[in-house]
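One file, final36.txt, is given below (compact mmCIF, C-alpha atoms).
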# COMPACT_ATOMS: atom_id res chain seq x y z
CA MET A 1 47.99 -6.08 25.43
CA LYS A 2 51.59 -5.18 24.68
CA VAL A 3 52.59 -3.76 21.29
CA SER A 4 56.17 -3.90 19.98
CA ILE A 5 57.17 -1.27 17.41
CA ILE A 6 60.13 -2.44 15.33
CA ILE A 7 62.32 0.28 13.76
CA PRO A 8 65.29 -0.65 11.53
CA VAL A 9 67.93 2.10 11.59
CA TYR A 10 70.46 2.83 8.86
CA HIS A 11 71.78 6.26 7.88
CA VAL A 12 68.71 8.27 8.88
CA GLU A 13 70.21 10.96 11.12
CA LYS A 14 68.27 13.62 9.19
CA TYR A 15 64.91 12.01 9.93
CA ILE A 16 65.03 9.77 12.98
CA GLU A 17 64.16 12.47 15.51
CA ARG A 18 60.84 13.00 13.71
CA CYS A 19 60.19 9.26 13.84
CA VAL A 20 61.08 8.87 17.53
CA LEU A 21 59.01 11.89 18.58
CA SER A 22 55.97 10.39 16.87
CA VAL A 23 56.47 7.20 18.90
CA LEU A 24 56.81 9.14 22.15
CA LYS A 25 53.53 10.93 21.41
CA GLN A 26 51.57 7.69 21.21
CA THR A 27 48.64 7.65 23.63
CA TYR A 28 48.56 3.87 24.01
CA ARG A 29 50.51 1.94 26.64
CA PRO A 30 52.23 -0.47 27.20
CA LEU A 31 54.65 -0.13 24.33
CA GLU A 32 57.96 -1.75 23.51
CA VAL A 33 60.14 -0.05 20.89
CA VAL A 34 62.89 -2.13 19.30
CA PHE A 35 65.55 -0.18 17.41
CA VAL A 36 67.77 -2.33 15.18
CA ASP A 37 71.00 -0.57 14.25
CA ASP A 38 72.02 -2.15 10.95
CA CYS A 39 75.64 -1.05 11.33
CA SER A 40 74.84 2.59 10.60
CA ASN A 41 77.95 4.78 10.72
CA ASP A 42 76.19 8.10 11.24
CA ARG A 43 74.61 9.60 14.38
CA SER A 44 71.18 8.00 13.98
CA ILE A 45 71.20 5.92 17.17
CA ASP A 46 72.74 8.73 19.25
CA ILE A 47 70.00 11.10 18.06
CA ALA A 48 67.33 8.52 18.89
CA LYS A 49 68.67 8.03 22.41
CA LYS A 50 69.02 11.76 23.06
CA THR A 51 65.48 12.39 21.78
CA ILE A 52 64.14 9.77 24.19
CA GLU A 53 66.16 11.16 27.09
CA LYS A 54 65.08 14.74 26.40
CA ASN A 55 61.37 14.10 25.90
CA GLY A 56 60.64 11.38 28.43
CA ALA A 57 58.97 8.05 27.80
CA ALA A 58 56.65 6.89 30.57
CA SER A 59 55.62 3.23 30.26
CA ILE A 60 57.61 2.68 27.08
CA GLU A 61 60.34 0.06 27.09
CA PHE A 62 63.21 0.71 24.67
CA VAL A 63 65.43 -2.03 23.27
CA PHE A 64 68.52 -1.27 21.18
CA LEU A 65 69.97 -4.04 19.02
CA GLU A 66 73.12 -3.71 16.94
CA HIS A 67 74.25 -5.72 13.93
CA ASP A 68 77.99 -6.26 13.62
CA LYS A 69 77.74 -5.71 9.86
CA ASN A 70 75.22 -4.20 7.48
CA GLN A 71 72.71 -6.89 6.52
CA GLY A 72 69.81 -4.93 5.05
CA GLN A 73 66.29 -4.09 6.16
CA SER A 74 65.02 -7.68 5.98
CA ALA A 75 67.63 -8.88 8.47
CA ALA A 76 66.97 -5.87 10.71
CA ARG A 77 63.26 -6.60 10.81
CA ASN A 78 63.91 -10.29 11.46
CA SER A 79 66.16 -9.38 14.40
CA GLY A 80 63.40 -7.14 15.73
CA ILE A 81 60.79 -9.88 15.44
CA LYS A 82 62.95 -12.34 17.37
CA ALA A 83 63.84 -9.83 20.11
CA SER A 84 60.32 -8.43 20.56
CA THR A 85 58.14 -9.45 23.49
CA GLY A 86 54.84 -7.85 22.49
CA ASP A 87 51.61 -9.67 21.72
CA TYR A 88 51.42 -7.62 18.51
CA LEU A 89 54.12 -6.20 16.25
CA TYR A 90 54.19 -3.03 14.19
CA PHE A 91 56.88 -2.14 11.63
CA LEU A 92 57.85 1.52 11.34
CA ASP A 93 60.48 2.85 8.94
CA SER A 94 62.87 5.25 10.65
CA ASP A 95 62.34 8.04 8.10
CA ASP A 96 58.54 7.98 8.48
CA LYS A 97 56.29 8.74 11.44
CA LEU A 98 53.05 7.78 13.18
CA SER A 99 49.96 9.86 13.77
CA ASP A 100 49.57 10.65 17.49
CA ASP A 101 46.83 8.09 18.18
CA ALA A 102 47.89 5.47 15.64
CA ILE A 103 48.46 2.56 18.02
CA SER A 104 45.31 3.43 19.98
CA PHE A 105 43.29 3.23 16.76
CA PHE A 106 44.75 -0.20 16.04
CA VAL A 107 44.10 -1.52 19.54
CA GLU A 108 40.53 -0.26 19.48
CA LYS A 109 39.98 -2.14 16.23
CA GLN A 110 41.62 -5.23 17.75
CA LYS A 111 39.08 -5.18 20.58
CA ASN A 112 36.28 -5.34 18.00
CA PHE A 113 38.00 -8.05 15.94
CA PRO A 114 40.25 -10.02 18.32
CA ASP A 115 40.67 -12.92 15.88
CA ALA A 116 42.24 -10.75 13.17
CA GLU A 117 45.84 -11.79 12.53
CA ILE A 118 46.56 -8.43 10.87
CA ILE A 119 44.98 -5.01 11.19
CA GLN A 120 45.75 -2.69 8.29
CA GLY A 121 46.09 1.04 8.95
CA SER A 122 45.53 4.03 6.70
CA MET A 123 48.72 5.49 5.23
CA VAL A 124 49.10 9.14 4.27
CA HIS A 125 51.74 10.48 1.88
CA ALA A 126 53.39 13.54 3.42
CA LEU A 127 53.99 15.34 0.11
CA ASP A 128 50.35 15.66 -0.90
CA GLY A 129 48.48 14.59 2.22
CA ASN A 130 46.51 11.99 0.29
CA SER A 131 45.59 8.64 1.81
CA ILE A 132 45.81 5.40 -0.12
CA ASP A 133 42.18 4.48 -0.60
CA ILE A 134 42.17 0.89 0.56
CA ASN A 135 39.85 0.70 3.52
CA LYS A 136 36.68 -0.19 1.68
CA HIS A 137 36.28 -3.06 4.11
CA SER A 138 36.04 -3.32 7.88
CA PHE A 139 36.76 -7.03 8.30
CA ILE A 140 37.43 -10.01 6.01
CA GLU A 141 37.34 -13.44 7.60
CA ASP A 142 38.34 -16.08 5.08
CA ASN A 143 41.55 -16.80 3.20
CA LEU A 144 39.87 -17.28 -0.17
CA SER A 145 38.37 -13.77 -0.16
CA ILE A 146 41.67 -12.27 0.99
CA ARG A 147 43.55 -14.05 -1.79
CA ARG A 148 41.05 -13.02 -4.46
CA LEU A 149 41.29 -9.38 -3.47
CA PHE A 150 45.07 -9.42 -3.15
CA TYR A 151 45.77 -10.98 -6.55
CA SER A 152 43.15 -8.89 -8.34
CA LYS A 153 43.74 -5.25 -9.24
CA ASP A 154 41.66 -4.13 -6.26
CA ILE A 155 44.11 -2.42 -3.87
CA PHE A 156 42.80 -3.51 -0.50
CA ILE A 157 46.05 -3.91 1.43
CA ILE A 158 49.11 -1.67 1.24
CA ASP A 159 52.08 -3.40 -0.40
CA SER A 160 54.28 -2.71 2.61
CA ALA A 161 55.11 -4.36 5.91
CA CYS A 162 54.61 -1.00 7.61
CA ASP A 163 51.33 0.28 9.04
CA LYS A 164 50.04 -3.13 10.05
CA LEU A 165 49.37 -4.40 13.56
CA ILE A 166 50.33 -8.08 13.39
CA LYS A 167 49.92 -10.91 15.87
CA ARG A 168 53.44 -11.97 16.77
CA ASP A 169 52.42 -15.63 17.11
CA PHE A 170 50.97 -15.53 13.59
CA LEU A 171 54.36 -14.54 12.16
CA ILE A 172 56.37 -16.95 14.30
CA ASN A 173 54.10 -19.98 13.86
CA ASN A 174 53.99 -19.56 10.09
CA ASN A 175 57.69 -18.72 9.78
CA LEU A 176 56.83 -15.42 8.12
CA PHE A 177 60.23 -13.80 8.30
CA PHE A 178 61.62 -11.52 5.61
CA LYS A 179 63.81 -12.91 2.83
CA GLU A 180 67.29 -11.58 3.46
CA GLY A 181 69.74 -10.36 0.85
CA ILE A 182 67.15 -8.64 -1.35
CA ILE A 183 65.48 -5.27 -1.65
CA LEU A 184 61.76 -4.82 -2.36
CA GLU A 185 61.36 -7.41 0.38
CA ASP A 186 57.91 -6.17 1.40
CA SER A 187 56.33 -7.52 -1.79
CA HIS A 188 57.96 -10.91 -1.25
CA TRP A 189 56.93 -11.03 2.42
CA LEU A 190 53.35 -9.90 1.84
CA ASN A 191 52.80 -12.53 -0.84
CA ASN A 192 53.73 -15.20 1.73
CA VAL A 193 51.56 -13.57 4.40
CA VAL A 194 48.47 -13.59 2.16
CA LYS A 195 48.78 -17.35 1.71
CA GLU A 196 48.46 -17.85 5.49
CA ILE A 197 46.14 -15.14 6.76
CA ASN A 198 42.49 -15.91 7.48
CA LYS A 199 41.23 -12.73 9.13
CA ILE A 200 42.14 -9.10 8.51
CA ALA A 201 40.58 -5.89 9.87
CA PHE A 202 41.01 -2.28 8.73
CA VAL A 203 41.46 1.07 10.45
CA SER A 204 39.95 4.04 8.62
CA GLN A 205 41.68 6.83 10.57
CA PRO A 206 45.09 8.06 9.34
CA THR A 207 47.79 6.13 11.20
CA TYR A 208 51.05 6.40 9.24
CA ILE A 209 52.74 9.30 7.45
CA ARG A 210 55.11 8.21 4.70
CA TYR A 211 57.92 10.43 3.42
CA LEU A 212 59.94 10.02 0.24
CA ASN A 213 63.38 11.00 1.43
CA GLU A 214 66.71 11.36 -0.33
CA GLY A 215 68.81 8.25 0.24
CA SER A 216 65.89 5.94 1.00
CA THR A 217 65.77 2.52 -0.62
CA MET A 218 63.28 3.63 -3.25
CA THR A 219 64.95 6.94 -4.16
CA SER A 220 68.42 5.36 -4.43
CA LEU A 221 67.23 2.28 -6.31
CA THR A 222 68.90 1.80 -9.69
CA LYS A 223 66.95 0.18 -12.50
CA GLU A 224 69.46 -2.66 -12.80
CA ARG A 225 69.28 -3.44 -9.09
CA GLU A 226 65.49 -3.29 -9.19
CA ILE A 227 65.27 -5.70 -12.14
CA LYS A 228 67.70 -8.14 -10.52
CA ASN A 229 65.66 -8.29 -7.33
CA ILE A 230 62.34 -8.56 -9.17
CA GLY A 231 63.79 -11.59 -10.97
CA ILE A 232 64.63 -13.24 -7.64
CA ILE A 233 61.21 -12.45 -6.21
CA LEU A 234 59.28 -13.73 -9.25
CA LYS A 235 61.27 -16.96 -9.22
CA ASP A 236 60.21 -17.50 -5.60
CA PHE A 237 56.62 -16.59 -6.43
CA LEU A 238 56.40 -19.21 -9.19
CA SER A 239 57.96 -21.87 -6.98
CA THR A 240 55.25 -21.37 -4.34
CA ILE A 241 52.21 -20.83 -6.57
CA ASP A 242 49.32 -22.85 -5.14
CA GLU A 243 45.60 -23.27 -4.72
CA PRO A 244 43.27 -21.58 -4.11
CA CYS A 245 43.53 -18.81 -6.70
CA TYR A 246 46.27 -20.49 -8.73
CA ASP A 247 45.30 -18.69 -11.95
CA GLU A 248 44.94 -15.35 -10.17
CA GLN A 249 48.48 -15.71 -8.86
CA LEU A 250 49.76 -16.69 -12.31
CA PHE A 251 48.28 -13.62 -14.03
CA SER A 252 49.24 -11.29 -11.19
CA TYR A 253 52.86 -12.43 -11.29
CA PHE A 254 52.97 -12.27 -15.08
CA SER A 255 51.68 -8.71 -14.99
CA LYS A 256 54.66 -7.74 -12.83
CA PHE A 257 56.98 -9.76 -15.09
CA LEU A 258 55.88 -7.83 -18.20
CA ILE A 259 56.79 -4.52 -16.59
CA TYR A 260 60.44 -5.55 -16.32
CA ASN A 261 60.96 -8.16 -19.03
CA ASP A 262 62.13 -5.98 -21.93
CA ALA A 263 64.45 -3.92 -19.74
CA SER A 264 66.03 -7.12 -18.40
CA SER A 265 67.24 -8.22 -21.87
CA GLY A 266 66.73 -11.78 -20.64
CA GLU A 267 69.26 -11.38 -17.84
CA TYR A 268 68.78 -11.95 -14.08
CA GLY A 269 66.74 -15.08 -14.71
CA PHE A 270 64.13 -13.40 -16.92
CA ALA A 271 64.80 -15.67 -19.92
CA SER A 272 64.11 -18.70 -17.74
CA LEU A 273 61.06 -17.02 -16.20
CA TYR A 274 59.66 -16.36 -19.67
CA LYS A 275 59.74 -20.08 -20.45
CA ASP A 276 58.28 -20.97 -17.06
CA PHE A 277 55.35 -18.60 -17.49
CA GLN A 278 54.66 -19.91 -20.99
CA LYS A 279 54.63 -23.52 -19.76
CA LEU A 280 52.26 -22.65 -16.94
CA PHE A 281 49.84 -20.87 -19.30
CA VAL A 282 49.77 -24.01 -21.46
CA LYS A 283 49.31 -26.23 -18.41
CA ARG A 284 46.39 -24.12 -17.18
CA GLY A 285 44.73 -23.95 -20.61
CA PHE A 286 45.39 -20.29 -21.44
CA MET A 287 46.43 -21.02 -25.00
CA LYS A 288 45.90 -17.48 -26.34
CA MET A 289 48.40 -16.07 -23.85
CA SER A 290 50.85 -18.85 -24.65
CA LEU A 291 50.51 -18.09 -28.39
CA LEU A 292 51.08 -14.37 -27.80
CA MET A 293 54.23 -15.21 -25.85
CA PHE A 294 55.42 -17.47 -28.69
CA LEU A 295 54.85 -14.74 -31.29
CA TYR A 296 56.56 -12.18 -29.08
CA LYS A 297 59.77 -14.21 -29.29
CA CYS A 298 59.58 -14.65 -33.08
CA ARG A 299 62.09 -12.73 -35.17
CA TYR A 300 60.53 -13.05 -38.64
CA PHE A 301 58.24 -10.09 -39.18
CA ILE A 302 57.32 -8.31 -42.38
CA VAL A 303 56.77 -5.02 -40.54
CA PRO A 304 59.37 -3.53 -38.16
CA GLU A 305 59.90 -5.82 -35.18
CA ASN A 306 59.57 -3.12 -32.53
CA LYS A 307 56.08 -2.21 -33.73
CA VAL A 308 54.92 -5.83 -33.69
CA LYS A 309 56.41 -6.45 -30.25
CA ALA A 310 54.74 -3.32 -28.89
CA ARG A 311 51.39 -4.48 -30.23
CA LEU A 312 51.85 -8.02 -28.84
CA HIS A 313 52.88 -6.53 -25.51
CA GLY A 314 49.62 -4.61 -25.53
CA TYR A 315 47.66 -7.76 -26.37
CA MET A 316 49.21 -9.59 -23.40
CA HIS A 317 48.24 -6.77 -21.06
CA ALA A 318 44.75 -6.88 -22.53
CA GLU A 319 44.55 -10.60 -21.78
CA ILE A 320 45.54 -9.91 -18.17
CA ASN A 321 42.89 -7.21 -17.85
CA SER A 322 40.29 -9.47 -19.44
CA PHE A 323 41.10 -12.28 -17.04
CA PHE A 324 40.72 -10.10 -13.97
CA SER A 325 37.59 -8.44 -15.35
CA LYS A 326 35.92 -11.84 -15.69
CA HIS A 327 37.26 -12.84 -12.29
CA ASN A 328 35.80 -9.72 -10.65
CA ASP A 329 32.43 -10.29 -12.30
CA ARG A 330 32.26 -13.75 -10.69
CA LYS A 331 32.89 -12.47 -7.17

Let me see the structure of the file written as C-alpha cells.
Amino acid sequence: MKVSIIIPVYHVEKYIERCVLSVLKQTYRPLEVVFVDDCSNDRSIDIAKKTIEKNGAASIEFVFLEHDKNQGQSAARNSGIKASTGDYLYFLDSDDKLSDDAISFFVEKQKNFPDAEIIQGSMVHALDGNSIDINKHSFIEDNLSIRRLFYSKDIFIIDSACDKLIKRDFLINNNLFFKEGIILEDSHWLNNVVKEINKIAFVSQPTYIRYLNEGSTMTSLTKEREIKNIGIILKDFLSTIDEPCYDEQLFSYFSKFLIYNDASSGEYGFASLYKDFQKLFVKRGFMKMSLLMFLYKCRYFIVPENKVKARLHGYMHAEINSFFSKHNDRK
C-alpha cells in the first residue's frame, strides 16, 4: 500500500528542514512525498532538497511541483492531490512534523479497518506537549453517527486536513477538493467530507506535532480577514445544509456565526446571513430562537441597548447549548 504525503511550501525556510527530517525518519515504506512550491521566494525548496540529499531517502519517491504564481494553501493541496499516485493521502504542513512511526501507526490501523475512508491520528501541540483528546473511539461505521458527533460539541475529529490518512479514491470520487481563494479552508473542506464519509478509524498513538510559528496563516491572520472568510464559508454551509442532521447543522453553523456577527458590523455578507438563519429557524419550528434574533435587532429599549444585546446574545447561546444537550441525551 503506497502512501502519498502532500506538503504545501510557502515561506517556511526556518522550519522546513525539521519537517523533511521527520518524513525521512518514517519507518513505513513505500512512500511518495509531494512538495508543492506555491511560488515561495525564499530558500524553502532548496533547503528541502539539500536535506533529502544529505540524509538519504531509501524507498521514498520525491515529487516537486511548482506554481507559477501564489495561489494559497487550498490550491497547493489540490495540486498535490492530482499529482499523487498513492492509495492513501496524508496532508502535512511544512512548519510541522511527524512522529517517527506516524505512518506505520496509520497503516497498522488500516489493516484492522480496511474499509475506513479516513483514519484520524493523534495531534500533539509542541508548546505544551498536550494531545487533543479526541480518540474516544476506535471505529465508527455509519454516516449518521459521524454527522451527529461532528455537529455536536463533542470533539471527535480534529478540525484540520492534517493528520488524517485518507483514501485517495474517496476524495477523487466525491470531488472533495479544497475551496480555493479562501483561508480557514480546512473547516470548509471537513464539513464537506463529513457529509460523504461512512467509516472512520482512529489512531491513539501520537502521530503529528503541531507548531505555532511566526508568519503562519493563523498567527498572521487579521480579524478583518478572518471575518470575511468566515462569511464566505458560512454562506456555503447554509447553501449545502441537508439531511440527516439538518437541525444539528443549523445550530452548529449559527454558533460559529454568533462568534463573528457583532464584529462584522453586518459587512462581508453577515447581514444577509442573519436573515437567512432567522428564516431557517422559523422554517424548522425554532420560534424562540427566531424571536430572540428579532429582539436582538430591535432598537427601542428602555435600558441601555448594549446591556440588552449582551443578555440576548447570552440567551441565544443558551438555546444552542440546550439544543445540543437534548440532542446528546437522545443518542

Task: Counting all atoms listed in the file, the residue of A:Ser152, A:Ala76, A:Val107, A:Glu196 that sits nearest Asn173 (chain A) - done: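 The closest residue to Asn173 (chain A) is A:Glu196.
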
Open item on the list: So the first atom is CA of Lys69 (chain A) and the second is CA of Ile183 (chain A); what is the distance between them in Å, to one decimal place?
Closed with: 16.8 Å

TODO: Quick one: pull the distance between CA of Lys326 (chain A) and CA of Leu144 (chain A), Å, one decimal.
DONE: 16.9 Å

Open item on the list: Show me the residues around (53.0, 9.0, 25.2) - criterion: an atom at most 10 Å away, only C-alpha atoms counted - as a PyMOL selection string.
Closed with: chain A and resi 21-31+55-60+100-101

Open item on the list: One decimal, in Å: what's the spacing between CA of Ser255 (chain A) and CA of Leu190 (chain A)?
Closed with: 17.0 Å

Task: Residue nearest Leu258 (chain A) among A:Leu212, A:Cys245, A:Val20, A:Leu312 (counting all atoms listed in the file) - done: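 Going through A:Leu212, A:Cys245, A:Val20, A:Leu312 one by one, the smallest distance to Leu258 (chain A) is for A:Leu312.
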
Task: Non-local contacts of region 37-45 of chain A (12 Å; all atoms listed in the file; under 2 positions in same chain excluded) as a PyMOL selection string - done: chain A and resi 6-20+34-35+47-52+63-80+94-95

TODO: Tell me which protein, DNA and RNA residues are within 12 Å of Val194 (chain A), counting only C-alpha atoms, leaving out same-chain ones fewer than 2 positions away, and put them as an MDAnalysis selection string.
DONE: chainID A and resid 117:118 142:151 156:159 161 170:171 174 176 187:192 196:200 241:242 244:245 249

Task: Nearest residue to Lys223 (chain A) from the set A:Tyr260, A:Phe113, A:Phe286, A:Phe294 (distances using only C-alpha atoms) - done: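 Looking only at the distances to Lys223 (chain A), the closest residue turns out to be A:Tyr260.
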
Task: Proximity to Leu234 (chain A) - best of A:Asp87, A:Asp169, A:Glu185, A:Glu305, all atoms listed in the file - done: A:Glu185

Task: Residue nearest Tyr274 (chain A) among A:Lys235, A:Lys288, A:Pro304, A:Asp115 (counting all atoms listed in the file) - done: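 Closest to Tyr274 (chain A), using all atoms listed in the file: A:Lys235.
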
Open item on the list: So that I can see what lies close to Phe254 (chain A), please list as an MDAnalysis selection string the residues with an atom at most 10 Å from it, counting only C-alpha atoms and leaving out residues fewer than 6 positions away in the same chain.
Closed with: chainID A and resid 234 238 248 261 273:274 277:278 316:317 320

Near Leu98 (chain A), within 6 Å and counting all atoms listed in the file, which residues show up once chain neighbours fewer than 3 positions away are dropped, as an mmCIF file with C-alpha atoms, keeping the file's coordinate frame?
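File produced: result.cif:
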data_model
loop_
_atom_site.group_PDB
_atom_site.id
_atom_site.type_symbol
_atom_site.label_atom_id
_atom_site.label_comp_id
_atom_site.auth_asym_id
_atom_site.auth_seq_id
_atom_site.Cartn_x
_atom_site.Cartn_y
_atom_site.Cartn_z
ATOM 1 C CA SER A 22 55.970 10.390 16.870
ATOM 2 C CA THR A 207 47.790 6.130 11.200
ATOM 3 C CA TYR A 208 51.050 6.400 9.240
ATOM 4 C CA ILE A 209 52.740 9.300 7.450
#

Task: Nearest candidate to Ser122 (chain A) (options A:Phe106, A:Phe281, A:Tyr315, A:Tyr88; using only C-alpha atoms) - done: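 When distances to Ser122 (chain A) are compared using only C-alpha atoms, the smallest one comes from A:Phe106.
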
Task: Radius query 10 Å about (67.7, -3.7, -11.1), atoms used: only C-alpha atoms, as a PyMOL selection string - done: chain A and resi 183+221-231+260+263-264+268

TODO: Fewer than 5 positions away in the same chain doesn't count, so skip those; otherwise give me all residues within 8 Å of Leu89 (chain A), counting only C-alpha atoms, as a PyMOL selection string.
DONE: chain A and resi 3-6+81+84+165-168
